[in-house]
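Q: Sharing a structure with you now.
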Amino acid sequence: MFTLVTDWDKLLPLLSIAIGIPNDSGLQKIVAIERAKGTQYWAAQAGDEIIGLVGLWMDQQTHQLDAILPAEIMDVAVHPNQQGQGLGKQLVKFALQKAWDAGYRTVWLSTDGNDRKNLSFYIGLGFRIAATIPDWFGPGTVRAILRIDKPTQHE
Ligand SMILES: CC(C)(COP(=O)(O)OP(=O)(O)OC[C@H]1O[C@@H](n2cnc3c(N)ncnc32)[C@H](O)[C@@H]1OP(=O)(O)O)[C@@H](O)C(=O)NCCC(=O)NCCS
């Protein structure tokens, strides 16, 4: 349903929305870091255009699964014209399924802890706030660390 992004330049407009920074050299550095880390980005496309994006990092080096670092959802964004129609939720669920299928039992992500809309989006998907770190992005900001555990078969 979603396609693995291989042309990293195509990510930039939606990554800019996901991270909330301009599409400039700073964003390109972030892309280079994620590329080196082995983060994979999955896209929803309308024709040639990417309208939704989710990034997922899983440890490709040690394959230690949850033991060292759980899988991490990196960036989620939906084009402003397409928001509110369920696409963001589908993208996150898709990434979670990838992690569960790979054998992970925990996925985490970090987001702006002052952004109540984002928090309610993720909490609605089953994430819970595991920790908050004040002043992480600058004075007055909060980094919220969210986690979700693989549902048992009964859930
Ligand atoms: C956050 C984002 C990815 C959500 O994608 P979306 O396609 O608009 O969300 P969906 O339509 O799938 O909504 C899923 C649920 O979250 C809720 N939700 C989504 N966006 C919301 C918002 N801005 N405020 C409150 N609730 C929101 C919806 O009500 C919906 O709940 P429901 O299923 O109970 O009705 C999208 O708004 C976006 O790209 N925002 C800008 C980038 C961003 O902040 N990314 C996250 C960075 S960590």
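All residue names refer to the structure tokens as shown: chains lettered A, B, ... in order, residues numbered from 1 in each chain, ligands numbered from 1 in order.
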Taking only C-alpha atoms and all ligand atoms into account, which residues have an atom no farther than 10 Å from ligand 1? I'd like them as an NGL selection string.
A: :A and (14-20 or 51-54 or 73-93 or 109-113 or 115-125 or 144)
Q: In chain A, what's strand (DSSP E or B) per DSSP? Answer as a VMD selection string?
A: chain A and resid 3 to 4 40 to 46 49 to 57 71 to 78 106 to 112 128 to 134 142 to 149
Q: The selected residues should be written to file as a JSON list (two decimals), in the first residue's frame (atoms: C-alpha atoms).
A:
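So the final result, stored in selection.json, reads:
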```
[["chain", "number", "residue", "atom", "x", "y", "z"],
["A", 3, "THR", "CA", 6.09, 2.48, -1.08],
["A", 4, "LEU", "CA", 9.65, 2.47, 0.21],
["A", 40, "GLN", "CA", 13.56, 3.68, 6.03],
["A", 41, "TYR", "CA", 10.85, 6.03, 4.80],
["A", 42, "TRP", "CA", 7.54, 4.83, 3.45],
["A", 43, "ALA", "CA", 5.38, 7.08, 1.34],
["A", 44, "ALA", "CA", 1.77, 7.43, 0.33],
["A", 45, "GLN", "CA", 1.70, 8.72, -3.23],
["A", 46, "ALA", "CA", -0.82, 10.40, -5.47],
["A", 49, "GLU", "CA", 3.68, 13.24, -5.60],
["A", 50, "ILE", "CA", 4.36, 12.10, -2.05],
["A", 51, "ILE", "CA", 1.38, 13.06, 0.11],
["A", 52, "GLY", "CA", 2.23, 11.18, 3.27],
["A", 53, "LEU", "CA", 5.34, 9.89, 4.95],
["A", 54, "VAL", "CA", 6.46, 7.74, 7.85],
["A", 55, "GLY", "CA", 10.05, 6.91, 8.85],
["A", 56, "LEU", "CA", 11.02, 3.80, 10.78],
["A", 57, "TRP", "CA", 14.39, 2.99, 12.27],
["A", 71, "ALA", "CA", 12.42, 0.41, 16.93],
["A", 72, "GLU", "CA", 11.73, 4.11, 16.48],
["A", 73, "ILE", "CA", 9.24, 5.98, 14.35],
["A", 74, "MET", "CA", 11.19, 8.93, 13.05],
["A", 75, "ASP", "CA", 8.96, 11.32, 11.16],
["A", 76, "VAL", "CA", 5.30, 11.38, 10.24],
["A", 77, "ALA", "CA", 3.67, 13.91, 7.95],
["A", 78, "VAL", "CA", 0.65, 14.25, 5.72],
["A", 106, "THR", "CA", 8.26, -1.97, 21.60],
["A", 107, "VAL", "CA", 8.29, 1.09, 19.36],
["A", 108, "TRP", "CA", 9.07, 4.56, 20.53],
["A", 109, "LEU", "CA", 9.13, 8.06, 19.12],
["A", 110, "SER", "CA", 9.82, 11.54, 20.34],
["A", 111, "THR", "CA", 7.74, 14.58, 19.59],
["A", 112, "ASP", "CA", 7.01, 18.12, 20.68],
["A", 128, "ARG", "CA", 1.66, 6.52, 26.00],
["A", 129, "ILE", "CA", 3.96, 9.21, 27.31],
["A", 130, "ALA", "CA", 6.99, 7.47, 28.79],
["A", 131, "ALA", "CA", 9.02, 10.56, 29.67],
["A", 132, "THR", "CA", 9.21, 14.29, 29.14],
["A", 133, "ILE", "CA", 12.44, 16.24, 28.94],
["A", 134, "PRO", "CA", 12.09, 19.98, 29.57],
["A", 142, "VAL", "CA", 9.46, 19.87, 25.96],
["A", 143, "ARG", "CA", 10.55, 16.67, 24.29],
["A", 144, "ALA", "CA", 7.97, 13.97, 24.88],
["A", 145, "ILE", "CA", 9.06, 10.36, 24.51],
["A", 146, "LEU", "CA", 6.19, 8.08, 23.61],
["A", 147, "ARG", "CA", 6.13, 4.30, 23.50],
["A", 148, "ILE", "CA", 3.77, 1.59, 22.41],
["A", 149, "ASP", "CA", 4.00, -2.12, 23.10]]
```
Q: Among region 14-86 of chain A, which ones does DSSP assign to helix (DSSP H, G or I) (computed from the backbone)? Answer as a list in words.
A: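 DSSP-assigned helix (DSSP H, G or I) residues in region 14-86 of chain A: Leu14, Leu15, Ser16, Ile17, Ala18, Ile19, Ser25, Gly26, Leu27, Gln28, Lys29, Ile30, Val31, Ala32, Ile33, Glu34, Arg35, Ala36, Lys37, Leu65, Asp66, Ala67, Pro80, Asn81 and Gln82 of chain A.
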Q: Work out how far apart CA of Pro70 (chain A) and CA of Pro13 (chain A) are and give it in Å to one decimal.
A: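 Rounded to one decimal, the two atoms are 27.5 Å apart.
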Q: What is the CA of Gln153 (chain A) to CA of Met1 (chain A) distance in Å?
A: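 Atom-to-atom, CA of Gln153 (chain A) to CA of Met1 (chain A), that is 23.7 Å.
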